[in-house]
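Coordinates from target-v3.txt are shown below (compact mmCIF, C-alpha atoms).
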```txt
# COMPACT_ATOMS: atom_id res chain seq x y z
CA MET Q 296 207.46 292.10 18.32
CA GLY Q 297 211.22 291.84 17.61
CA VAL Q 298 212.44 288.27 18.07
CA ALA Q 299 209.85 285.50 18.45
CA ILE Q 300 210.38 282.13 20.14
CA VAL Q 301 209.10 278.87 18.70
CA THR Q 302 209.54 275.51 20.44
CA ASP Q 303 207.93 272.08 20.27
CA SER Q 304 205.43 270.35 22.51
CA SER Q 305 208.10 268.31 24.31
CA ALA Q 306 208.96 271.44 26.30
CA TYR Q 307 205.60 271.10 28.12
CA LEU Q 308 205.59 274.73 29.19
CA PRO Q 309 202.56 275.77 31.26
CA PRO Q 310 199.89 277.49 29.11
CA GLU Q 311 200.10 280.72 31.09
CA LEU Q 312 203.81 281.07 30.27
CA LEU Q 313 203.23 280.33 26.59
CA ALA Q 314 200.59 283.06 26.51
CA ARG Q 315 202.60 285.53 28.59
CA TYR Q 316 205.64 285.37 26.29
CA GLN Q 317 203.78 284.56 23.04
CA ILE Q 318 205.82 281.39 22.50
CA GLY Q 319 204.77 279.34 19.49
CA VAL Q 320 204.52 275.57 19.90
CA VAL Q 321 204.74 272.96 17.14
CA PRO Q 322 203.20 269.67 18.35
CA LEU Q 323 204.99 266.37 18.03
CA GLN Q 324 202.82 263.43 17.07
CA ILE Q 325 201.87 260.13 18.63
CA ILE Q 326 200.43 257.11 16.84
CA ILE Q 327 198.14 254.89 18.92
CA GLY Q 328 196.64 251.87 17.21
CA GLY Q 329 197.47 253.35 13.81
CA ARG Q 330 195.80 256.72 14.46
CA VAL Q 331 198.01 259.83 14.30
CA ARG Q 332 197.31 262.54 16.88
CA ASP Q 333 198.94 265.80 17.96
CA ASP Q 334 200.78 265.80 21.28
CA GLY Q 335 198.70 267.60 23.89
CA VAL Q 336 196.05 268.70 21.37
CA ASP Q 337 193.76 265.77 20.61
CA VAL Q 338 195.33 263.10 22.83
CA THR Q 339 196.07 263.12 26.54
CA SER Q 340 198.74 261.57 28.71
CA ALA Q 341 196.05 259.31 30.16
CA ASP Q 342 195.26 258.01 26.66
CA ALA Q 343 198.90 257.10 26.10
CA ALA Q 344 199.26 255.58 29.58
CA ASP Q 345 196.19 253.39 29.04
CA ALA Q 346 197.52 252.23 25.68
CA LEU Q 347 200.92 251.40 27.17
CA ARG Q 348 199.42 249.48 30.07
CA SER Q 349 197.41 247.35 27.64
CA TRP Q 350 200.46 247.00 25.33
CA GLN Q 351 198.72 248.55 22.34
CA PRO Q 352 201.00 249.64 19.48
CA VAL Q 353 202.28 253.12 20.35
CA SER Q 354 204.89 255.13 18.45
CA THR Q 355 205.84 258.77 18.01
CA SER Q 356 206.69 261.00 15.09
CA ARG Q 357 208.39 264.33 14.47
CA PRO Q 358 206.36 267.20 13.01
CA SER Q 359 206.57 267.82 9.28
CA PRO Q 360 208.50 270.83 7.95
CA ASP Q 361 205.13 272.28 6.92
CA ARG Q 362 204.14 272.51 10.59
CA PHE Q 363 207.22 274.61 11.32
CA ALA Q 364 206.66 276.72 8.22
CA HIS Q 365 203.16 277.52 9.48
CA ALA Q 366 204.51 278.49 12.93
CA TYR Q 367 207.19 280.73 11.38
CA LYS Q 368 204.62 282.38 9.10
CA ALA Q 369 202.36 283.04 12.10
CA ALA Q 370 205.22 284.63 14.05
CA SER Q 371 206.30 286.86 11.17
CA GLY Q 372 202.68 287.77 10.51
CA ALA Q 373 202.39 288.90 14.12
CA GLY Q 374 205.30 291.29 13.61
CA ALA Q 375 208.44 289.27 14.37
CA ASP Q 376 211.48 290.31 12.35
CA ALA Q 377 213.45 287.20 13.42
CA ILE Q 378 212.75 283.88 15.11
CA VAL Q 379 214.69 281.61 17.45
CA SER Q 380 213.34 278.07 17.16
CA VAL Q 381 214.52 275.80 20.00
CA HIS Q 382 213.82 272.08 20.12
CA LEU Q 383 214.44 268.77 21.83
CA SER Q 384 217.75 266.99 21.41
CA GLY Q 385 218.54 265.97 17.86
CA ASP Q 386 219.88 262.67 19.22
CA MET Q 387 216.38 261.75 20.36
CA SER Q 388 214.29 263.07 17.48
CA GLY Q 389 214.53 264.43 13.96
CA THR Q 390 212.39 267.41 14.99
CA VAL Q 391 215.25 269.90 14.84
CA GLU Q 392 216.12 268.81 11.29
CA CYS Q 393 212.55 269.46 10.15
CA ALA Q 394 212.75 272.89 11.78
CA ARG Q 395 215.94 273.63 9.83
CA MET Q 396 214.28 272.61 6.57
CA ALA Q 397 211.43 275.03 7.19
CA ALA Q 398 213.77 277.77 8.41
CA ALA Q 399 215.57 277.80 5.05
CA GLU Q 400 212.34 278.89 3.37
CA ALA Q 401 211.02 281.30 6.01
CA ALA Q 402 210.22 284.94 5.24
CA VAL Q 403 212.32 286.17 8.18
CA PRO Q 404 215.65 284.89 9.60
CA VAL Q 405 215.18 281.78 11.75
CA HIS Q 406 217.93 280.54 14.08
CA VAL Q 407 217.30 276.89 14.93
CA VAL Q 408 218.80 275.67 18.22
CA ASP Q 409 219.25 272.04 19.21
CA SER Q 410 218.81 272.30 22.99
CA ARG Q 411 220.38 268.85 23.61
CA THR Q 412 217.67 268.31 26.23
CA ILE Q 413 213.91 267.78 26.61
CA GLY Q 414 210.98 268.51 28.93
CA MET Q 415 211.13 271.60 31.10
CA SER Q 416 214.90 271.81 30.66
CA LEU Q 417 213.96 272.71 27.09
CA GLY Q 418 211.11 274.83 28.41
CA PHE Q 419 213.37 276.89 30.65
CA ALA Q 420 215.70 277.50 27.69
CA ALA Q 421 212.80 278.75 25.58
CA LEU Q 422 211.73 281.02 28.43
CA ALA Q 423 215.23 282.44 28.76
CA GLY Q 424 215.12 283.34 25.09
CA ALA Q 425 211.69 284.92 25.42
CA ILE Q 426 212.84 287.03 28.37
CA MET Q 427 215.91 288.20 26.48
CA ALA Q 428 213.75 289.07 23.46
CA GLU Q 429 211.34 291.03 25.66
CA ALA Q 430 214.31 292.96 27.06
CA GLY Q 431 215.22 294.05 23.54
CA GLY Q 432 217.94 291.53 22.68
CA ASP Q 433 218.66 290.89 19.02
CA VAL Q 434 218.43 287.44 17.46
CA ASP Q 435 222.03 286.54 18.37
CA ASP Q 436 221.49 287.61 21.99
CA VAL Q 437 218.32 285.55 22.18
CA ALA Q 438 219.89 282.45 20.62
CA GLU Q 439 222.84 282.68 23.02
CA ALA Q 440 220.52 283.01 26.02
CA VAL Q 441 218.72 279.87 24.87
CA ARG Q 442 221.94 277.88 24.41
CA ARG Q 443 223.40 279.03 27.70
CA ARG Q 444 220.31 278.12 29.71
CA ALA Q 445 219.92 274.75 28.02
CA ALA Q 446 223.58 273.85 28.64
CA ALA Q 447 223.32 274.80 32.33
CA SER Q 448 220.16 272.78 33.00
CA SER Q 449 219.94 269.22 34.31
CA ALA Q 450 217.27 266.59 33.68
CA LEU Q 451 216.99 263.66 36.09
CA PHE Q 452 214.29 261.02 36.06
CA TYR Q 453 213.05 257.75 37.45
CA VAL Q 454 211.14 255.11 35.48
CA ASP Q 455 209.30 252.08 36.77
CA THR Q 456 210.65 249.99 33.87
CA LEU Q 457 213.10 250.43 31.01
CA GLU Q 458 210.91 248.42 28.65
CA HIS Q 459 209.17 251.42 27.08
CA LEU Q 460 212.49 253.18 26.43
CA ARG Q 461 213.88 249.99 24.91
CA ARG Q 462 210.88 249.52 22.64
CA GLY Q 463 211.07 253.11 21.45
CA GLY Q 464 214.78 252.90 20.68
CA ARG Q 465 215.55 255.86 22.97
CA ILE Q 466 217.50 254.10 25.69
CA GLY Q 467 221.02 254.77 24.38
CA ALA Q 468 223.70 254.06 26.96
CA ALA Q 469 221.05 252.97 29.44
CA ALA Q 470 220.97 249.63 27.61
CA THR Q 471 223.67 248.54 30.06
CA LEU Q 472 220.93 248.32 32.67
CA LEU Q 473 218.70 245.96 30.74
CA GLY Q 474 220.30 242.78 32.00
CA SER Q 475 219.18 243.57 35.54
CA ALA Q 476 216.12 245.69 34.74
CA LEU Q 477 213.81 243.43 36.70
CA MET Q 478 216.04 243.67 39.76
CA VAL Q 479 216.57 247.43 39.95
CA LYS Q 480 214.75 250.73 39.70
CA PRO Q 481 216.85 252.88 37.38
CA LEU Q 482 217.66 256.55 37.76
CA LEU Q 483 218.53 258.20 34.46
CA ASN Q 484 219.66 261.57 33.21
CA LEU Q 485 220.39 263.39 29.98
CA ALA Q 486 224.06 263.49 29.06
CA ASP Q 487 225.19 265.17 25.84
CA GLY Q 488 221.68 265.01 24.44
CA ARG Q 489 221.09 261.33 25.17
CA ILE Q 490 219.45 259.27 27.88
CA ALA Q 491 222.12 257.73 30.07
CA PRO Q 492 222.11 255.62 33.26
CA LEU Q 493 222.86 257.45 36.46
CA GLU Q 494 222.36 254.97 39.30
CA LYS Q 495 220.73 251.63 40.08
CA VAL Q 496 218.55 251.45 43.17
CA ARG Q 497 216.90 248.34 44.56
CA THR Q 498 213.43 249.63 45.38
CA SER Q 499 211.15 252.36 44.07
CA ALA Q 500 211.03 254.05 47.49
CA LYS Q 501 214.82 254.25 47.63
CA ALA Q 502 214.97 255.42 44.01
CA LEU Q 503 212.57 258.29 44.66
CA SER Q 504 214.48 259.28 47.78
CA ARG Q 505 217.71 259.24 45.82
CA LEU Q 506 216.14 261.29 43.03
CA GLU Q 507 215.31 263.97 45.60
CA GLU Q 508 218.87 263.97 46.95
CA LEU Q 509 220.35 264.28 43.47
CA ALA Q 510 218.01 267.14 42.61
CA VAL Q 511 218.94 269.05 45.77
CA SER Q 512 222.62 268.48 45.05
CA ARG Q 513 222.32 269.68 41.45
CA ALA Q 514 220.39 272.77 42.58
CA GLY Q 515 223.27 273.82 44.84
CA THR Q 516 223.07 277.15 46.65
CA GLY Q 517 222.45 279.54 43.76
CA SER Q 518 219.12 280.74 42.37
CA VAL Q 519 217.37 278.02 40.36
CA ASP Q 520 214.13 277.24 38.57
CA VAL Q 521 212.84 273.70 39.06
CA ALA Q 522 210.15 271.60 37.42
CA VAL Q 523 208.80 268.29 38.65
CA GLN Q 524 207.18 266.31 35.85
CA HIS Q 525 205.47 262.94 35.83
CA VAL Q 526 203.43 260.40 33.91
CA ALA Q 527 200.27 259.21 35.70
CA SER Q 528 201.86 259.81 39.09
CA PRO Q 529 200.50 263.11 40.48
CA ALA Q 530 200.75 262.20 44.17
CA ARG Q 531 204.43 261.29 43.93
CA ALA Q 532 205.13 264.43 41.93
CA GLN Q 533 203.41 266.63 44.50
CA SER Q 534 205.26 264.98 47.37
CA LEU Q 535 208.63 265.43 45.65
CA ALA Q 536 207.86 269.05 44.80
CA GLU Q 537 206.96 269.85 48.41
CA SER Q 538 210.24 268.34 49.61
CA LEU Q 539 212.25 270.29 47.05
CA ARG Q 540 210.46 273.50 47.99
CA ARG Q 541 211.63 273.01 51.58
CA ARG Q 542 215.17 271.90 50.78
CA ILE Q 543 216.37 274.14 47.94
CA PRO Q 544 217.41 277.43 49.55
CA GLU Q 545 217.33 279.71 46.49
CA LEU Q 546 214.34 278.27 44.64
CA ARG Q 547 212.95 280.94 42.33
CA THR Q 548 210.10 279.08 40.62
CA LEU Q 549 208.72 275.55 40.94
CA HIS Q 550 206.49 274.01 38.28
CA ILE Q 551 204.59 270.74 38.68
CA GLY Q 552 202.98 269.03 35.73
CA GLU Q 553 202.34 265.90 33.75
CA VAL Q 554 204.31 265.43 30.56
CA GLY Q 555 202.34 264.83 27.42
CA PRO Q 556 201.75 261.58 25.57
CA VAL Q 557 204.85 261.74 23.35
CA ILE Q 558 207.33 261.65 26.22
CA GLY Q 559 204.95 259.45 28.18
CA ALA Q 560 205.00 256.87 25.41
CA HIS Q 561 208.77 256.48 25.77
CA VAL Q 562 209.13 256.50 29.55
CA GLY Q 563 205.88 254.83 30.57
CA PRO Q 564 203.45 255.33 33.47
CA GLY Q 565 205.11 256.07 36.80
CA MET Q 566 207.91 258.25 35.44
CA LEU Q 567 209.01 261.02 37.78
CA GLY Q 568 211.47 263.63 36.58
CA VAL Q 569 213.12 266.82 37.78
CA ALA Q 570 214.49 269.65 35.64
CA ILE Q 571 216.95 271.95 37.44
CA SER Q 572 217.86 275.19 35.69
CA PRO Q 573 220.24 277.77 37.23
CA CYS Q 574 219.02 281.32 36.82
CA GLY Q 575 222.42 282.97 36.43
```
Mind turning this structure into structure tokens?
Amino acid sequence: MGVAIVTDSSAYLPPELLARYQIGVVPLQIIIGGRVRDDGVDVTSADAADALRSWQPVSTSRPSPDRFAHAYKAASGAGADAIVSVHLSGDMSGTVECARMAAAEAAVPVHVVDSRTIGMSLGFAALAGAIMAEAGGDVDDVAEAVRRRAAASSALFYVDTLEHLRRGGRIGAAATLLGSALMVKPLLNLADGRIAPLEKVRTSAKALSRLEELAVSRAGTGSVDVAVQHVASPARAQSLAESLRRRIPELRTLHIGEVGPVIGAHVGPGMLGVAISPCG
């Protein structure tokens, strides 16, 4: 097997890609009304969206080191002689620290990478590592492919309200928007591993139009992979994806999907995001 890839559920990679490249996934956790559940396993995005709409207590939690230890044991048991474990930004979660704790006790070498991103920007980085591993790269080659792809990727997103981000303590620099949150529809991005404000737009229609323009601009003229992700907003996601398919000249792959309940709990229903990842 050579080098195995392990990531966490916040990458939200399509199941067929996880199976194709034998990527291990450690689920993050969400707590709804005091009950702990695994992200994407025994709770859905719809469950989280319903809880948020009714203002039930919702919080999230990183996986325990034991979860990572189990994933590393499974990978080594399947024949891996090294593992690259790539995870969401350490500025947004302690997940990567738990991975490092487990890596220190693993039976094979484990290189833990803080991707400084989340969602399919993380997913594309994990895929880049898996492709390099399949091509015969050693653990250093694979880790470098992961870091390079993560650093080159962009994550842009729109939220209907900043309230869920504020409640979850994940808003970071975007707190500057709170004073006028009721008057604007914010566009956000990830900058140096943190959520940061990008632009303020007066209406949701204008914000979604601007999100499309920014995505096209970030894609540029080179070959790119793109993912459109959403929370309880499939029609808007499909519409945006169709526009991007027409407008991005060197689009290699386009994924459309709903993020799971852990991210959904922080951004709230109506979120629409785009991950842009150059292929070079």
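For Asp337 of chain Q, the set of protein, DNA and RNA residues having any atom at most 12 Å away, when counting all atoms listed in the file and skipping those fewer than 6 positions along the same chain, is Q:Pro322, Q:Leu323, Q:Gln324, Q:Ile325, Q:Ile326, Q:Ile327, Q:Arg330, Q:Val331, Q:Ala343, Q:Gly555, Q:Pro556.
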Put those residues in a file: C-alpha atoms, as a PDB file, in the frame of the given file.
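This went into result-v2.pdb:
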```pdb
ATOM      1  CA  PRO Q 322     203.200 269.670  18.350  1.00  0.00           C
ATOM      2  CA  LEU Q 323     204.990 266.370  18.030  1.00  0.00           C
ATOM      3  CA  GLN Q 324     202.820 263.430  17.070  1.00  0.00           C
ATOM      4  CA  ILE Q 325     201.870 260.130  18.630  1.00  0.00           C
ATOM      5  CA  ILE Q 326     200.430 257.110  16.840  1.00  0.00           C
ATOM      6  CA  ILE Q 327     198.140 254.890  18.920  1.00  0.00           C
ATOM      7  CA  ARG Q 330     195.800 256.720  14.460  1.00  0.00           C
ATOM      8  CA  VAL Q 331     198.010 259.830  14.300  1.00  0.00           C
ATOM      9  CA  ALA Q 343     198.900 257.100  26.100  1.00  0.00           C
ATOM     10  CA  GLY Q 555     202.340 264.830  27.420  1.00  0.00           C
ATOM     11  CA  PRO Q 556     201.750 261.580  25.570  1.00  0.00           C
TER      12      PRO Q 556
END
```
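Residue nearest Pro360 of chain Q within the list Q:Val301, Q:Ile318, Q:Cys393, Q:Val403: Q:Cys393 [criterion: smallest interatomic distance, all atoms listed in the file].
Shortest separation to Ser449 of chain Q among Q:Thr390, Q:Ser572, Q:Gln351, Q:Ser304 occurs at residue Q:Ser572, atoms counted being all atoms listed in the file.
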Using all atoms listed in the file: which of Q:Lys501, Q:Met396, Q:Ile558, Q:Arg315 has the shortest distance to Asp334 of chain Q: Q:Ile558
Near-Thr302 of chain Q list (10 Å; all atoms listed in the file; drop same-chain fewer than 6 positions) as JSON, numbers by chain: {"Q": [308, 318, 319, 320, 321, 322, 363, 366, 379, 380, 381, 382, 383, 391, 394, 407, 408, 417, 418, 420, 421, 422]}
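In this comparison, which uses only C-alpha atoms, the residue of Q:Met566, Q:Val338, Q:Ala401, Q:Ala428 approaching Lys480 of chain Q most closely is Q:Met566.
With all atoms listed in the file as the atoms that count, the minimum distance from Ile426 of chain Q to the choices Q:Leu567, Q:Cys574, Q:Ala369, Q:Ala527 is reached by Q:Cys574.
Of the listed residues (Q:Gly374, Q:Gly488, Q:Pro481, Q:Pro544), Q:Gly488 comes nearest to Ile413 of chain Q; the distances count only C-alpha atoms.
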Axis-aligned box over every listed atom of segment 338-347 of chain Q, padded by 5 Å per side: centre and edges in Å to one decimal, as JSON?
```
{"center_x": 198.1, "center_y": 257.3, "center_z": 26.5, "size_x": 15.7, "size_y": 21.7, "size_z": 17.3}
```
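Between atom CA of Ser356 of chain Q and atom CA of Ala398 of chain Q the separation is 19.4 Å.
Atom pair atom CA of His550 of chain Q / atom CA of Leu313 of chain Q: separated by 13.7 Å.
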One-decimal distance in Å that lies between atom CA of Lys368 of chain Q and atom CA of Met387 of chain Q: 26.3 Å
Protein/DNA/RNA residues near (203.7, 291.4, 15.4), cut 10 Å, all atoms listed in the file, as an MDAnalysis selection string: chainID Q and resid 296:299 369:376
Output segment 479-497 of chain Q as a PDB file, in the coordinates of the input, making sure N, CA, C and O atoms are there.
```pdb
ATOM      1  N   VAL Q 479     216.250 246.089  39.482  1.00  0.00           N
ATOM      2  CA  VAL Q 479     216.570 247.430  39.950  1.00  0.00           C
ATOM      3  C   VAL Q 479     215.531 248.431  39.484  1.00  0.00           C
ATOM      4  O   VAL Q 479     214.753 248.175  38.572  1.00  0.00           O
ATOM      5  N   LYS Q 480     215.548 249.584  40.140  1.00  0.00           N
ATOM      6  CA  LYS Q 480     214.750 250.730  39.700  1.00  0.00           C
ATOM      7  C   LYS Q 480     215.754 251.773  39.217  1.00  0.00           C
ATOM      8  O   LYS Q 480     216.512 252.327  40.011  1.00  0.00           O
ATOM      9  N   PRO Q 481     215.785 252.029  37.923  1.00  0.00           N
ATOM     10  CA  PRO Q 481     216.850 252.880  37.380  1.00  0.00           C
ATOM     11  C   PRO Q 481     216.577 254.366  37.539  1.00  0.00           C
ATOM     12  O   PRO Q 481     215.459 254.848  37.385  1.00  0.00           O
ATOM     13  N   LEU Q 482     217.651 255.094  37.839  1.00  0.00           N
ATOM     14  CA  LEU Q 482     217.660 256.550  37.760  1.00  0.00           C
ATOM     15  C   LEU Q 482     218.475 256.915  36.525  1.00  0.00           C
ATOM     16  O   LEU Q 482     219.564 256.389  36.306  1.00  0.00           O
ATOM     17  N   LEU Q 483     217.924 257.829  35.718  1.00  0.00           N
ATOM     18  CA  LEU Q 483     218.530 258.200  34.460  1.00  0.00           C
ATOM     19  C   LEU Q 483     218.729 259.707  34.402  1.00  0.00           C
ATOM     20  O   LEU Q 483     218.152 260.456  35.200  1.00  0.00           O
ATOM     21  N   ASN Q 484     219.544 260.135  33.450  1.00  0.00           N
ATOM     22  CA  ASN Q 484     219.660 261.570  33.210  1.00  0.00           C
ATOM     23  C   ASN Q 484     219.936 261.790  31.729  1.00  0.00           C
ATOM     24  O   ASN Q 484     220.054 260.840  30.956  1.00  0.00           O
ATOM     25  N   LEU Q 485     220.003 263.057  31.342  1.00  0.00           N
ATOM     26  CA  LEU Q 485     220.390 263.390  29.980  1.00  0.00           C
ATOM     27  C   LEU Q 485     221.851 263.818  29.991  1.00  0.00           C
ATOM     28  O   LEU Q 485     222.242 264.708  30.752  1.00  0.00           O
ATOM     29  N   ALA Q 486     222.634 263.173  29.166  1.00  0.00           N
ATOM     30  CA  ALA Q 486     224.060 263.490  29.060  1.00  0.00           C
ATOM     31  C   ALA Q 486     224.403 263.662  27.594  1.00  0.00           C
ATOM     32  O   ALA Q 486     224.201 262.738  26.796  1.00  0.00           O
ATOM     33  N   ASP Q 487     224.839 264.859  27.222  1.00  0.00           N
ATOM     34  CA  ASP Q 487     225.190 265.170  25.840  1.00  0.00           C
ATOM     35  C   ASP Q 487     224.043 264.831  24.887  1.00  0.00           C
ATOM     36  O   ASP Q 487     224.247 264.263  23.815  1.00  0.00           O
ATOM     37  N   GLY Q 488     222.842 265.162  25.314  1.00  0.00           N
ATOM     38  CA  GLY Q 488     221.680 265.010  24.440  1.00  0.00           C
ATOM     39  C   GLY Q 488     221.088 263.630  24.384  1.00  0.00           C
ATOM     40  O   GLY Q 488     220.139 263.395  23.619  1.00  0.00           O
ATOM     41  N   ARG Q 489     221.600 262.704  25.194  1.00  0.00           N
ATOM     42  CA  ARG Q 489     221.090 261.330  25.170  1.00  0.00           C
ATOM     43  C   ARG Q 489     220.724 260.849  26.565  1.00  0.00           C
ATOM     44  O   ARG Q 489     221.271 261.325  27.559  1.00  0.00           O
ATOM     45  N   ILE Q 490     219.810 259.885  26.610  1.00  0.00           N
ATOM     46  CA  ILE Q 490     219.450 259.270  27.880  1.00  0.00           C
ATOM     47  C   ILE Q 490     220.577 258.353  28.318  1.00  0.00           C
ATOM     48  O   ILE Q 490     221.068 257.525  27.543  1.00  0.00           O
ATOM     49  N   ALA Q 491     221.006 258.520  29.556  1.00  0.00           N
ATOM     50  CA  ALA Q 491     222.120 257.730  30.070  1.00  0.00           C
ATOM     51  C   ALA Q 491     221.823 257.274  31.488  1.00  0.00           C
ATOM     52  O   ALA Q 491     221.113 257.957  32.232  1.00  0.00           O
ATOM     53  N   PRO Q 492     222.330 256.102  31.889  1.00  0.00           N
ATOM     54  CA  PRO Q 492     222.110 255.620  33.260  1.00  0.00           C
ATOM     55  C   PRO Q 492     222.857 256.473  34.265  1.00  0.00           C
ATOM     56  O   PRO Q 492     223.959 256.960  33.997  1.00  0.00           O
ATOM     57  N   LEU Q 493     222.241 256.671  35.402  1.00  0.00           N
ATOM     58  CA  LEU Q 493     222.860 257.450  36.460  1.00  0.00           C
ATOM     59  C   LEU Q 493     223.185 256.562  37.654  1.00  0.00           C
ATOM     60  O   LEU Q 493     224.321 256.481  38.089  1.00  0.00           O
ATOM     61  N   GLU Q 494     222.168 255.877  38.168  1.00  0.00           N
ATOM     62  CA  GLU Q 494     222.360 254.970  39.300  1.00  0.00           C
ATOM     63  C   GLU Q 494     221.348 253.841  39.236  1.00  0.00           C
ATOM     64  O   GLU Q 494     220.299 253.972  38.606  1.00  0.00           O
ATOM     65  N   LYS Q 495     221.670 252.745  39.903  1.00  0.00           N
ATOM     66  CA  LYS Q 495     220.730 251.630  40.080  1.00  0.00           C
ATOM     67  C   LYS Q 495     220.338 251.573  41.544  1.00  0.00           C
ATOM     68  O   LYS Q 495     221.206 251.590  42.411  1.00  0.00           O
ATOM     69  N   VAL Q 496     219.046 251.513  41.793  1.00  0.00           N
ATOM     70  CA  VAL Q 496     218.550 251.450  43.170  1.00  0.00           C
ATOM     71  C   VAL Q 496     217.599 250.269  43.275  1.00  0.00           C
ATOM     72  O   VAL Q 496     216.854 249.965  42.331  1.00  0.00           O
ATOM     73  N   ARG Q 497     217.607 249.611  44.439  1.00  0.00           N
ATOM     74  CA  ARG Q 497     216.900 248.340  44.560  1.00  0.00           C
ATOM     75  C   ARG Q 497     215.386 248.443  44.661  1.00  0.00           C
ATOM     76  O   ARG Q 497     214.673 247.546  44.226  1.00  0.00           O
TER      77      ARG Q 497
END
```
